[in-house]
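*Asks:* Sharing protein_2.cif here; it has mmCIF, C-alpha atoms.
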```cif
data_coords
loop_
_atom_site.label_atom_id
_atom_site.label_comp_id
_atom_site.auth_asym_id
_atom_site.auth_seq_id
_atom_site.Cartn_x
_atom_site.Cartn_y
_atom_site.Cartn_z
CA MET W 1 -33.41 -13.70 -24.46
CA ALA W 2 -30.42 -12.03 -22.75
CA LYS W 3 -30.81 -11.02 -19.17
CA LEU W 4 -30.58 -7.28 -18.57
CA ILE W 5 -29.94 -5.26 -15.43
CA GLU W 6 -30.54 -1.63 -14.51
CA ILE W 7 -27.85 0.32 -12.68
CA THR W 8 -28.78 3.58 -10.95
CA ILE W 9 -26.18 6.05 -9.69
CA ASP W 10 -26.75 9.71 -8.89
CA GLY W 11 -30.29 9.49 -10.23
CA GLU W 12 -29.14 8.17 -13.60
CA THR W 13 -30.17 4.69 -14.78
CA THR W 14 -28.25 2.64 -17.33
CA VAL W 15 -28.91 -0.80 -18.78
CA ALA W 16 -26.32 -3.55 -18.96
CA ARG W 17 -26.42 -6.92 -20.71
CA LEU W 18 -25.34 -10.01 -18.79
CA HIS W 19 -22.90 -12.34 -20.53
CA GLU W 20 -24.83 -15.46 -19.65
CA GLU W 21 -23.41 -17.63 -22.44
CA ALA W 22 -19.79 -16.75 -21.77
CA ALA W 23 -19.98 -16.76 -17.96
CA PRO W 24 -23.02 -18.87 -16.98
CA ASN W 25 -22.04 -19.61 -13.40
CA PRO W 26 -20.89 -16.15 -12.23
CA VAL W 27 -23.86 -14.58 -14.04
CA ALA W 28 -26.28 -17.00 -12.33
CA ARG W 29 -24.85 -16.15 -8.91
CA PHE W 30 -24.94 -12.45 -9.69
CA TRP W 31 -28.58 -12.67 -10.87
CA GLU W 32 -29.52 -14.41 -7.62
CA ALA W 33 -27.86 -11.65 -5.60
CA LEU W 34 -30.06 -8.94 -7.11
CA PRO W 35 -31.28 -6.42 -6.17
CA ILE W 36 -28.08 -4.91 -4.83
CA ASP W 37 -28.17 -1.65 -2.86
CA GLU W 38 -24.66 -0.77 -1.88
CA THR W 39 -22.08 1.96 -1.53
CA LEU W 40 -20.00 2.52 -4.64
CA ARG W 41 -16.38 3.48 -3.99
CA HIS W 42 -13.43 4.19 -6.24
CA VAL W 43 -10.88 1.40 -6.46
CA ARG W 44 -7.49 1.93 -4.83
CA TRP W 45 -5.41 -0.52 -6.85
CA SER W 46 -7.21 -1.22 -10.12
CA GLY W 47 -7.18 2.11 -11.92
CA MET W 48 -10.19 3.77 -13.51
CA ALA W 49 -13.02 1.83 -11.92
CA SER W 50 -15.35 1.81 -8.95
CA TYR W 51 -16.57 -1.14 -6.96
CA VAL W 52 -19.02 -2.60 -4.49
CA LEU W 53 -18.54 -5.54 -2.16
CA VAL W 54 -21.35 -8.11 -2.00
CA ASP W 55 -21.10 -10.72 0.76
CA SER W 56 -23.19 -13.33 -1.06
CA LEU W 57 -20.77 -13.19 -4.01
CA ARG W 58 -17.69 -13.70 -1.89
CA ASP W 59 -17.15 -17.32 -2.82
CA GLU W 60 -13.97 -18.71 -4.33
CA ALA W 61 -16.01 -21.58 -5.72
CA ILE W 62 -17.52 -19.24 -8.32
CA PRO W 63 -15.50 -20.04 -11.44
CA LEU W 64 -13.71 -17.30 -13.38
CA GLU W 65 -15.62 -17.76 -16.61
CA ASN W 66 -15.15 -15.18 -19.38
CA ARG W 67 -11.89 -14.47 -17.57
CA VAL W 68 -10.21 -11.09 -17.98
CA SER W 69 -7.47 -9.19 -16.20
CA PHE W 70 -7.85 -5.83 -17.98
CA TYR W 71 -11.23 -4.11 -17.78
CA GLN W 72 -12.63 -2.24 -20.76
CA PRO W 73 -14.69 0.92 -20.17
CA GLY W 74 -18.27 -0.12 -19.51
CA ALA W 75 -17.32 -3.62 -18.35
CA ILE W 76 -18.73 -5.04 -15.15
CA CYS W 77 -16.52 -7.72 -13.62
CA LEU W 78 -16.69 -10.00 -10.62
CA ARG W 79 -13.78 -11.02 -8.40
CA PRO W 80 -15.26 -13.87 -6.32
CA GLU W 81 -12.39 -14.03 -3.83
CA HIS W 82 -13.45 -10.61 -2.55
CA GLY W 83 -17.11 -10.55 -3.61
CA GLU W 84 -16.12 -7.47 -5.53
CA ILE W 85 -18.01 -6.14 -8.51
CA ALA W 86 -15.97 -3.60 -10.47
CA PHE W 87 -17.42 -1.02 -12.86
CA SER W 88 -14.81 0.30 -15.23
CA TYR W 89 -14.86 3.77 -16.84
CA GLY W 90 -11.35 3.81 -18.33
CA GLN W 91 -8.01 2.00 -18.13
CA ALA W 92 -8.30 -0.58 -15.38
CA GLN W 93 -7.01 -3.97 -14.34
CA ALA W 94 -7.92 -6.46 -11.61
CA ARG W 95 -5.25 -5.70 -9.03
CA ASP W 96 -4.62 -5.66 -5.31
CA VAL W 97 -1.59 -5.38 -3.05
CA ARG W 98 -0.27 -8.71 -4.33
CA GLY W 99 -0.34 -7.69 -7.98
CA ASN W 100 -2.40 -8.51 -11.06
CA HIS W 101 -5.32 -10.91 -10.99
CA TRP W 102 -8.26 -12.31 -12.93
CA ALA W 103 -11.94 -11.48 -12.85
CA ALA W 104 -15.09 -12.78 -14.54
CA HIS W 105 -16.49 -10.34 -17.08
CA ILE W 106 -20.20 -10.71 -16.33
CA ALA W 107 -21.87 -7.72 -17.98
CA THR W 108 -21.37 -4.70 -20.23
CA VAL W 109 -23.37 -1.49 -20.24
CA GLU W 110 -25.09 -0.58 -23.48
CA GLY W 111 -26.85 2.34 -25.11
CA ASP W 112 -25.88 5.89 -24.22
CA THR W 113 -23.31 5.26 -21.50
CA ALA W 114 -21.74 8.73 -21.20
CA GLY W 115 -23.69 9.72 -18.11
CA TYR W 116 -23.05 6.36 -16.45
CA LEU W 117 -19.30 6.51 -17.07
CA LYS W 118 -19.14 10.03 -15.65
CA ALA W 119 -21.11 8.95 -12.59
CA ILE W 120 -18.72 6.05 -11.95
CA ALA W 121 -15.73 8.36 -12.40
CA ARG W 122 -17.14 10.90 -9.94
CA THR W 123 -16.33 8.58 -7.03
CA LYS W 124 -12.63 9.37 -7.52
CA ARG W 125 -12.76 13.00 -6.48
CA GLY W 126 -16.29 13.20 -5.13
CA GLY W 127 -16.23 10.17 -2.85
CA ALA W 128 -18.51 7.22 -2.29
CA ARG W 129 -22.16 7.22 -3.34
CA ALA W 130 -25.14 4.88 -3.44
CA ILE W 131 -25.65 2.43 -6.29
CA THR W 132 -28.64 0.23 -7.01
CA ILE W 133 -28.57 -2.74 -9.37
CA LYS W 134 -31.72 -4.65 -10.19
CA ARG W 135 -33.12 -7.04 -12.71
CA ARG W 136 -34.76 -5.53 -15.72
CA GLU W 137 -37.98 -7.45 -15.87
CA GLY W 138 -39.96 -8.03 -19.03
CA MET T 1 3.78 2.03 26.11
CA THR T 2 5.88 1.30 23.05
CA LYS T 3 8.05 -1.78 23.29
CA ARG T 4 11.69 -1.56 22.30
CA ILE T 5 14.14 -4.21 21.24
CA GLU T 6 17.89 -4.18 21.02
CA VAL T 7 19.94 -5.67 18.21
CA GLU T 8 23.60 -6.47 18.73
CA VAL T 9 25.99 -7.48 15.97
CA ASP T 10 29.76 -7.69 16.24
CA GLY T 11 29.78 -5.45 19.33
CA ALA T 12 27.53 -2.81 17.79
CA LYS T 13 24.17 -2.22 19.44
CA ALA T 14 21.10 -0.30 18.37
CA GLU T 15 17.63 0.11 19.71
CA PHE T 16 14.49 -0.36 17.67
CA GLU T 17 10.90 0.53 18.37
CA LEU T 18 8.42 -2.28 17.77
CA ARG T 19 5.85 -0.96 15.33
CA ASP T 20 2.79 -2.66 16.72
CA ASP T 21 0.68 0.02 15.06
CA LEU T 22 1.67 -1.50 11.72
CA ALA T 23 1.81 -5.21 12.57
CA PRO T 24 0.31 -5.99 16.00
CA ARG T 25 0.25 -9.77 15.68
CA THR T 26 3.69 -10.11 14.17
CA THR T 27 5.32 -7.77 16.67
CA ALA T 28 3.61 -9.53 19.57
CA ALA T 29 4.92 -12.87 18.33
CA LEU T 30 8.40 -11.40 17.95
CA TRP T 31 8.34 -9.94 21.46
CA GLU T 32 7.32 -13.29 22.92
CA SER T 33 10.16 -15.00 21.05
CA LEU T 34 12.92 -12.86 22.53
CA PRO T 35 15.76 -13.18 23.19
CA ILE T 36 16.98 -14.55 19.88
CA GLU T 37 20.62 -15.56 19.47
CA THR T 38 21.50 -16.84 16.05
CA THR T 39 23.54 -16.26 12.91
CA LEU T 40 23.24 -13.17 10.76
CA ARG T 41 24.10 -13.34 7.07
CA HIS T 42 24.14 -10.81 4.26
CA GLY T 43 21.29 -11.09 1.79
CA LYS T 44 22.09 -12.31 -1.72
CA LEU T 45 19.21 -10.84 -3.65
CA SER T 46 17.73 -8.09 -1.51
CA GLY T 47 20.39 -5.37 -1.59
CA SER T 48 21.78 -3.73 1.54
CA ALA T 49 20.17 -5.98 4.11
CA CYS T 50 21.10 -8.86 6.40
CA TYR T 51 18.88 -11.67 7.57
CA LEU T 52 18.44 -14.12 10.42
CA ASP T 53 16.20 -17.17 10.44
CA VAL T 54 14.19 -17.74 13.61
CA GLU T 55 13.06 -21.31 14.13
CA HIS T 56 11.80 -21.07 17.69
CA GLY T 57 9.14 -19.18 19.54
CA PRO T 58 5.80 -17.82 18.38
CA ILE T 59 7.42 -15.78 15.60
CA ALA T 60 8.47 -18.96 13.83
CA GLY T 61 4.87 -20.03 13.37
CA ILE T 62 3.08 -16.85 12.33
CA PRO T 63 0.79 -17.10 9.30
CA ALA T 64 2.32 -16.76 5.85
CA GLU T 65 0.19 -13.77 4.91
CA PRO T 66 2.12 -10.57 5.83
CA GLU T 67 0.19 -8.22 8.10
CA LEU T 68 1.29 -5.08 6.26
CA PRO T 69 2.62 -6.22 2.90
CA VAL T 70 5.67 -4.37 1.58
CA THR T 71 8.62 -5.27 -0.61
CA SER T 72 10.86 -2.26 0.10
CA ILE T 73 12.95 -2.54 3.27
CA TYR T 74 13.63 1.00 4.43
CA LYS T 75 17.02 1.78 5.94
CA GLY T 76 16.96 1.19 9.67
CA TRP T 77 13.89 -1.04 9.58
CA MET T 78 13.45 -4.67 10.51
CA VAL T 79 10.96 -6.71 8.51
CA ALA T 80 9.61 -10.24 8.82
CA PHE T 81 9.08 -12.88 6.13
CA PRO T 82 7.00 -15.73 7.55
CA ALA T 83 7.69 -19.17 6.08
CA PRO T 84 5.58 -21.44 8.31
CA SER T 85 5.66 -24.28 5.79
CA MET T 86 9.43 -24.32 6.18
CA GLY T 87 9.30 -23.92 9.95
CA PHE T 88 10.84 -20.48 10.36
CA THR T 89 10.42 -16.76 9.96
CA GLU T 90 13.15 -14.70 8.38
CA LEU T 91 13.93 -11.32 9.88
CA LEU T 92 15.82 -8.78 7.81
CA ILE T 93 17.43 -5.47 8.75
CA SER T 94 18.28 -2.90 6.10
CA TYR T 95 21.33 -0.63 6.26
CA GLY T 96 20.81 0.96 2.84
CA VAL T 97 18.72 0.45 -0.29
CA ALA T 98 16.96 -2.89 -0.01
CA GLU T 99 14.00 -4.73 -1.47
CA TYR T 100 13.01 -8.25 -0.49
CA ARG T 101 13.55 -10.58 -3.41
CA TRP T 102 13.84 -14.21 -4.28
CA PRO T 103 15.17 -15.55 -7.57
CA THR T 104 11.57 -15.44 -8.82
CA GLY T 105 11.23 -11.74 -8.05
CA ARG T 106 9.95 -9.47 -5.30
CA LYS T 107 8.16 -10.99 -2.32
CA LEU T 108 6.13 -9.46 0.46
CA VAL T 109 7.34 -8.89 4.02
CA THR T 110 5.95 -7.00 7.03
CA PRO T 111 7.75 -4.12 8.77
CA VAL T 112 8.06 -4.85 12.50
CA ALA T 113 10.60 -2.46 14.01
CA GLU T 114 12.17 0.93 13.32
CA LEU T 115 15.62 2.06 14.42
CA GLN T 116 15.72 4.73 17.09
CA GLY T 117 18.68 7.10 17.32
CA ASP T 118 22.07 6.64 15.74
CA GLY T 119 22.40 3.36 13.88
CA SER T 120 25.71 4.06 12.19
CA ALA T 121 27.70 1.52 14.19
CA LEU T 122 25.11 -1.19 13.56
CA PHE T 123 24.93 -0.30 9.87
CA GLU T 124 28.68 -0.68 9.59
CA ALA T 125 28.52 -4.05 11.30
CA LEU T 126 25.74 -5.20 9.00
CA GLY T 127 27.67 -3.99 5.97
CA ARG T 128 30.77 -5.91 7.09
CA THR T 129 28.93 -9.21 6.72
CA HIS T 130 29.09 -8.68 2.96
CA SER T 131 32.87 -9.08 2.94
CA GLU T 132 33.59 -10.79 6.25
CA GLY T 133 30.83 -13.35 6.22
CA GLU T 134 28.28 -14.38 8.80
CA LYS T 135 28.25 -13.02 12.35
CA SER T 136 26.40 -13.68 15.53
CA VAL T 137 23.36 -11.57 16.28
CA VAL T 138 21.37 -11.11 19.45
CA VAL T 139 17.91 -9.60 19.47
CA ARG T 140 16.68 -8.93 22.99
CA ARG T 141 13.99 -6.99 24.73
CA GLY T 142 14.85 -3.41 25.45
CA GLY T 143 13.14 -0.99 27.84
CA GLU T 144 9.33 -1.19 28.09
CA MET D 1 22.30 19.80 12.18
CA SER D 2 18.80 19.55 13.66
CA THR D 3 16.14 17.79 11.65
CA ARG D 4 13.87 20.14 9.76
CA GLN D 5 10.16 19.71 10.33
CA ILE D 6 7.01 20.49 8.42
CA ARG D 7 3.40 20.89 9.46
CA LEU D 8 0.64 19.30 7.40
CA ARG D 9 -3.05 20.01 7.72
CA VAL D 10 -5.93 18.15 6.08
CA HIS D 11 -9.57 18.76 6.96
CA GLY D 12 -8.65 20.40 10.25
CA VAL D 13 -6.29 17.61 11.34
CA GLU D 14 -2.71 18.63 11.82
CA ALA D 15 0.45 16.54 11.89
CA VAL D 16 4.16 17.22 12.11
CA ALA D 17 6.68 15.44 9.94
CA LYS D 18 10.45 15.41 9.83
CA LEU D 19 12.32 15.77 6.57
CA ARG D 20 14.17 12.64 5.56
CA ASP D 21 17.16 14.35 4.03
CA ASP D 22 19.23 11.45 5.33
CA LEU D 23 17.58 9.35 2.63
CA SER D 24 16.85 11.91 -0.09
CA PRO D 25 18.90 15.06 0.50
CA ARG D 26 18.24 16.78 -2.82
CA MET D 27 14.59 15.89 -3.09
CA ALA D 28 13.93 16.81 0.56
CA GLU D 29 15.62 20.16 0.01
CA ALA D 30 13.55 20.73 -3.13
CA PHE D 31 10.41 19.90 -1.15
CA TRP D 32 11.43 22.38 1.55
CA GLN D 33 11.89 25.06 -1.10
CA THR D 34 8.35 24.55 -2.41
CA LEU D 35 6.78 25.33 0.96
CA PRO D 36 4.29 26.63 1.88
CA VAL D 37 1.88 24.63 -0.26
CA GLU D 38 -1.90 24.86 -0.33
CA THR D 39 -3.52 22.53 -2.77
CA SER D 40 -5.98 19.71 -3.29
CA ILE D 41 -5.13 16.06 -2.66
CA SER D 42 -6.81 13.03 -4.20
CA HIS D 43 -6.91 9.36 -3.34
CA ALA D 44 -4.66 7.05 -5.35
CA MET D 45 -6.23 4.71 -7.88
CA TRP D 46 -3.32 2.38 -8.68
CA THR D 47 -1.14 2.56 -5.56
CA GLY D 48 -3.41 1.44 -2.74
CA SER D 49 -3.80 3.22 0.59
CA ALA D 50 -2.30 6.56 -0.42
CA CYS D 51 -3.21 10.09 -1.43
CA TYR D 52 -1.33 12.48 -3.71
CA TYR D 53 -0.95 15.92 -5.19
CA TYR D 54 0.87 17.27 -8.24
CA PRO D 55 3.49 19.91 -7.30
CA GLY D 56 3.68 21.43 -10.79
CA GLU D 57 6.62 23.62 -11.77
CA GLY D 58 9.29 24.50 -9.20
CA PRO D 59 12.43 23.21 -7.45
CA PHE D 60 11.37 19.57 -7.73
CA THR D 61 11.79 19.59 -11.49
CA GLU D 62 15.56 19.97 -11.10
CA VAL D 63 15.99 16.74 -9.14
CA GLU D 64 16.18 14.01 -11.72
CA GLU D 65 17.76 11.15 -9.82
CA LEU D 66 15.95 8.61 -7.69
CA GLU D 67 17.94 9.11 -4.50
CA TYR D 68 16.52 6.28 -2.35
CA PRO D 69 14.31 4.05 -4.51
CA VAL D 70 11.28 2.47 -2.88
CA CYS D 71 8.06 1.11 -4.33
CA SER D 72 6.41 0.35 -0.98
CA ILE D 73 5.33 3.51 0.82
CA TYR D 74 5.34 2.83 4.55
CA PRO D 75 2.38 4.33 6.41
CA GLY D 76 3.21 7.82 7.60
CA PHE D 77 5.82 8.47 4.93
CA VAL D 78 5.74 11.22 2.31
CA VAL D 79 7.39 10.33 -0.99
CA ALA D 80 8.08 12.04 -4.29
CA ARG D 81 8.82 11.06 -7.86
CA PRO D 82 11.98 12.25 -9.62
CA ARG D 83 11.33 15.66 -11.16
CA GLY D 84 8.54 15.97 -8.61
CA SER D 85 5.64 15.01 -10.82
CA GLU D 86 3.82 13.61 -7.80
CA VAL D 87 3.98 13.75 -3.98
CA MET D 88 2.25 10.93 -2.09
CA PHE D 89 1.24 10.20 1.49
CA SER D 90 0.62 6.63 2.65
CA TYR D 91 -1.86 5.58 5.33
CA GLY D 92 -1.76 1.80 4.84
CA PRO D 93 -0.65 -0.95 2.45
CA THR D 94 0.70 0.58 -0.75
CA GLU D 95 2.87 -0.13 -3.72
CA TYR D 96 3.58 2.72 -6.11
CA ARG D 97 2.04 1.78 -9.42
CA TRP D 98 0.80 3.21 -12.67
CA ASN D 99 -1.36 1.62 -15.31
CA ILE D 100 1.83 -0.01 -16.67
CA GLY D 101 2.82 -1.53 -13.34
CA THR D 102 5.12 -0.93 -10.40
CA ASP D 103 7.44 2.07 -10.25
CA TYR D 104 9.74 3.73 -7.73
CA LEU D 105 9.93 7.00 -5.84
CA THR D 106 11.94 8.40 -2.93
CA PRO D 107 11.00 9.18 0.70
CA ILE D 108 11.16 12.88 1.61
CA ALA D 109 9.41 13.13 4.99
CA GLN D 110 8.00 11.02 7.80
CA ILE D 111 5.13 11.94 10.11
CA THR D 112 6.21 12.02 13.75
CA ASP D 113 3.36 13.71 15.63
CA ASN D 114 -0.38 12.99 15.54
CA ARG D 115 0.22 10.26 13.02
CA GLU D 116 -2.85 8.14 13.79
CA ALA D 117 -5.34 10.96 13.45
CA PHE D 118 -3.71 12.31 10.30
CA LEU D 119 -3.59 8.91 8.62
CA GLY D 120 -7.20 8.48 9.63
CA VAL D 121 -8.29 11.56 7.73
CA LEU D 122 -6.34 10.41 4.67
CA ALA D 123 -8.12 7.05 4.91
CA ARG D 124 -11.49 8.81 4.98
CA MET D 125 -10.76 10.27 1.56
CA HIS D 126 -11.57 6.89 0.05
CA ASP D 127 -15.20 7.56 0.99
CA GLU D 128 -15.24 11.34 1.14
CA GLY D 129 -13.25 12.30 -1.96
CA ASP D 130 -10.75 15.09 -2.50
CA LYS D 131 -9.65 17.36 0.33
CA SER D 132 -7.51 20.45 0.74
CA ILE D 133 -4.04 20.18 2.21
CA SER D 134 -1.68 22.81 3.51
CA ILE D 135 2.00 22.13 4.18
CA GLU D 136 4.34 24.63 5.77
CA ARG D 137 7.71 24.77 7.42
CA ALA D 138 7.50 24.20 11.16
CA GLY D 139 9.63 25.34 14.04
#
```
Taking this structure as input, can you express it in the form of structure tokens?
*Replies:*
Amino acid sequence: MAKLIEITIDGETTVARLHEEAAPNPVARFWEALPIDETLRHVRWSGMASYVLVDSLRDEAIPLENRVSFYQPGAICLRPEHGEIAFSYGQAQARDVRGNHWAAHIATVEGDTAGYLKAIARTKRGGARAITIKRREG
Amino acid sequence: MTKRIEVEVDGAKAEFELRDDLAPRTTAALWESLPIETTLRHGKLSGSACYLDVEHGPIAGIPAEPELPVTSIYKGWMVAFPAPSMGFTELLISYGVAEYRWPTGRKLVTPVAELQGDGSALFEALGRTHSEGEKSVVVRRGGE
Amino acid sequence: MSTRQIRLRVHGVEAVAKLRDDLSPRMAEAFWQTLPVETSISHAMWTGSACYYYPGEGPFTEVEELEYPVCSIYPGFVVARPRGSEVMFSYGPTEYRWNIGTDYLTPIAQITDNREAFLGVLARMHDEGDKSISIERAG
């Protein structure tokens, strides 16, 4: 049975499905890191996405399974060299000052995602806000 | 107090302010490496800029990762390209439109110093290297 | 000719900048003609440590050429795109980019006074979101 997570931002909770078959190692490390309570900020290089930094996921040994460079809206991607988890709401790509990079696509939100995407996007003009990610048990 | 350096090429001198607000480690290494007396050549790929390779002093061994990564070299600025694996750091000074490039494309450098006052004589001297060939350059400490 | 200056204010923090008409004479003049400006600035999402506003219609639209092309925006510099679709302020590492990749703009001003504090308030926008900016001719 697929692992699911719950993401809460601005009082709104959304469910995402982990891509365990496509990215077993990054997903396993991500699952271990939960729950995550962090500050969500808008990206500065990668376009229409927000991100958190998680120290325990900053590990270049985590392989880039289910590798992507471009992020689709609703995708959740991990860049292990930074311990960065990116949440995309529109056109986005794994980038930094050095240029374009790769990330592991570890999860995708499902169901009615409109509120979630708007909440992610609000960090651009509204600034940073709290985000909680936890395992959906049962 | 802001440190200043002086660059002299072909009899033309100009003073630069070390931008330690932008690149504290790189500018400190440069300061400790002065004076530098070497050969200045015109760039082949980077536009209106000249370069000097520094093989001695702390600046020659700074880490490869640029402190403040840029590719554009603004007119009147000195930038540093560390190449520790090759045993030197390249310093470039722009007198016009310039962007640091190799045959494989743009590469990152760090801005270290900004021209103060009138640089026209120095710019002319730098520009002359394009047609006249390499010249001697001295980079020395200025007033502190 | 003395260098023209402008005064910028964001969230109560004021800085003075000089026009860089030595690098971009037409674009700097167009910028001067748009002043005073009071608008909202946002943090960049493709370019790195920078903030921007959209000037809209006005003198900028008549300057089509890229007078001094740069893609890196040095901290403390103010830059503009040809036809003035965007004005940006850098506070740290930047490279001007869109979704399609790297692009070029031209420097129009450089902060000379109270730079550290002003760049600090721009940096805070990453956490705090949009802010108001006013820009006027100084001196």
*Asks:* Within 10 Å of chain W, which residues of chain T show up when using only C-alpha atoms, listed as a list in words?
*Replies:* Leu68, Pro69, Val70, Lys107 and Leu108 of chain T
*Asks:* Could you check which of T:Leu22, T:Ile36, T:Leu45, T:Ile93 is closest to chain D, using only C-alpha atoms?
*Replies:*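 Among the listed residues, T:Leu22 lies closest to chain D.
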*Asks:* Skip segment 120-136 of chain W itself and residues of its chain fewer than 2 positions away, then list as a VMD selection string all residues within 6 Å of it, counting only C-alpha atoms.
*Replies:* (chain W and resid 4 to 9 34 to 42 117 to 118) or (chain D and resid 127 to 130)
*Asks:* Restrict the calculation to all atoms listed in the file, then for each residue of chain D with any atom at most 7 Å from an atom of chain T give the closest atom pair and their distance in Å to one decimal, rows by chain and rising residue number, as CSV.
*Replies:*
```
residue,atom,partner,partner_atom,distance
D:Tyr68,CA,T:Val97,CA,6.6
D:Val70,CA,T:Ser72,CA,5.6
D:Cys71,CA,T:Ser72,CA,6.2
D:Ser72,CA,T:Ser72,CA,5.3
D:Pro93,CA,T:Leu68,CA,5.9
```
*Asks:* Show me, as a list in words, the residues that have an atom within 9 Å of Trp46 of chain D when counting all atoms listed in the file, minus same-chain residues fewer than 2 positions from it.
*Replies:*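 Those residues are Val43, Arg44, Trp45, Ser46, Gly47, Met48, Ala92, Arg95 and Asp96 of chain W; Ala44, Gly48, Glu95, Tyr96, Arg97, Trp98, Asn99 and Gly101 of chain D.
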*Asks:* Within 7 Å of Ile6 of chain D, counting only C-alpha atoms, which residues show up once you throw out same-chain ones fewer than 6 positions away? Write them as a list of chain:residue names, please.
*Replies:*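 What passes the distance filter is D:Val16, D:Ala17, D:Lys18, D:Ile135, D:Glu136, D:Arg137, D:Ala138.
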*Asks:* Suppose a student applies the PyMOL selection byres ((chain D and resi 82) around 6) to this structure; what residues should they get, written as a list in words?
*Replies:*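 With the PyMOL selection byres ((chain D and resi 82) around 6) on this model, the match is Glu64, Glu65, Leu66, Arg81, Arg83 and Gly84 of chain D.
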*Asks:* Nearest to chain D among W:Ala61, W:Val15, W:Ala49, W:Ala28, with distances taken over all atoms listed in the file: which residue is it?
*Replies:*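 Between W:Ala61, W:Val15, W:Ala49, W:Ala28, the residue approaching chain D most closely is W:Ala49.
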*Asks:* Considering all atoms listed in the file, can you say which of W:Ala94, W:Ile85, W:Cys77, W:Ala104 comes closest to Pro63 of chain W?
*Replies:* W:Ala104
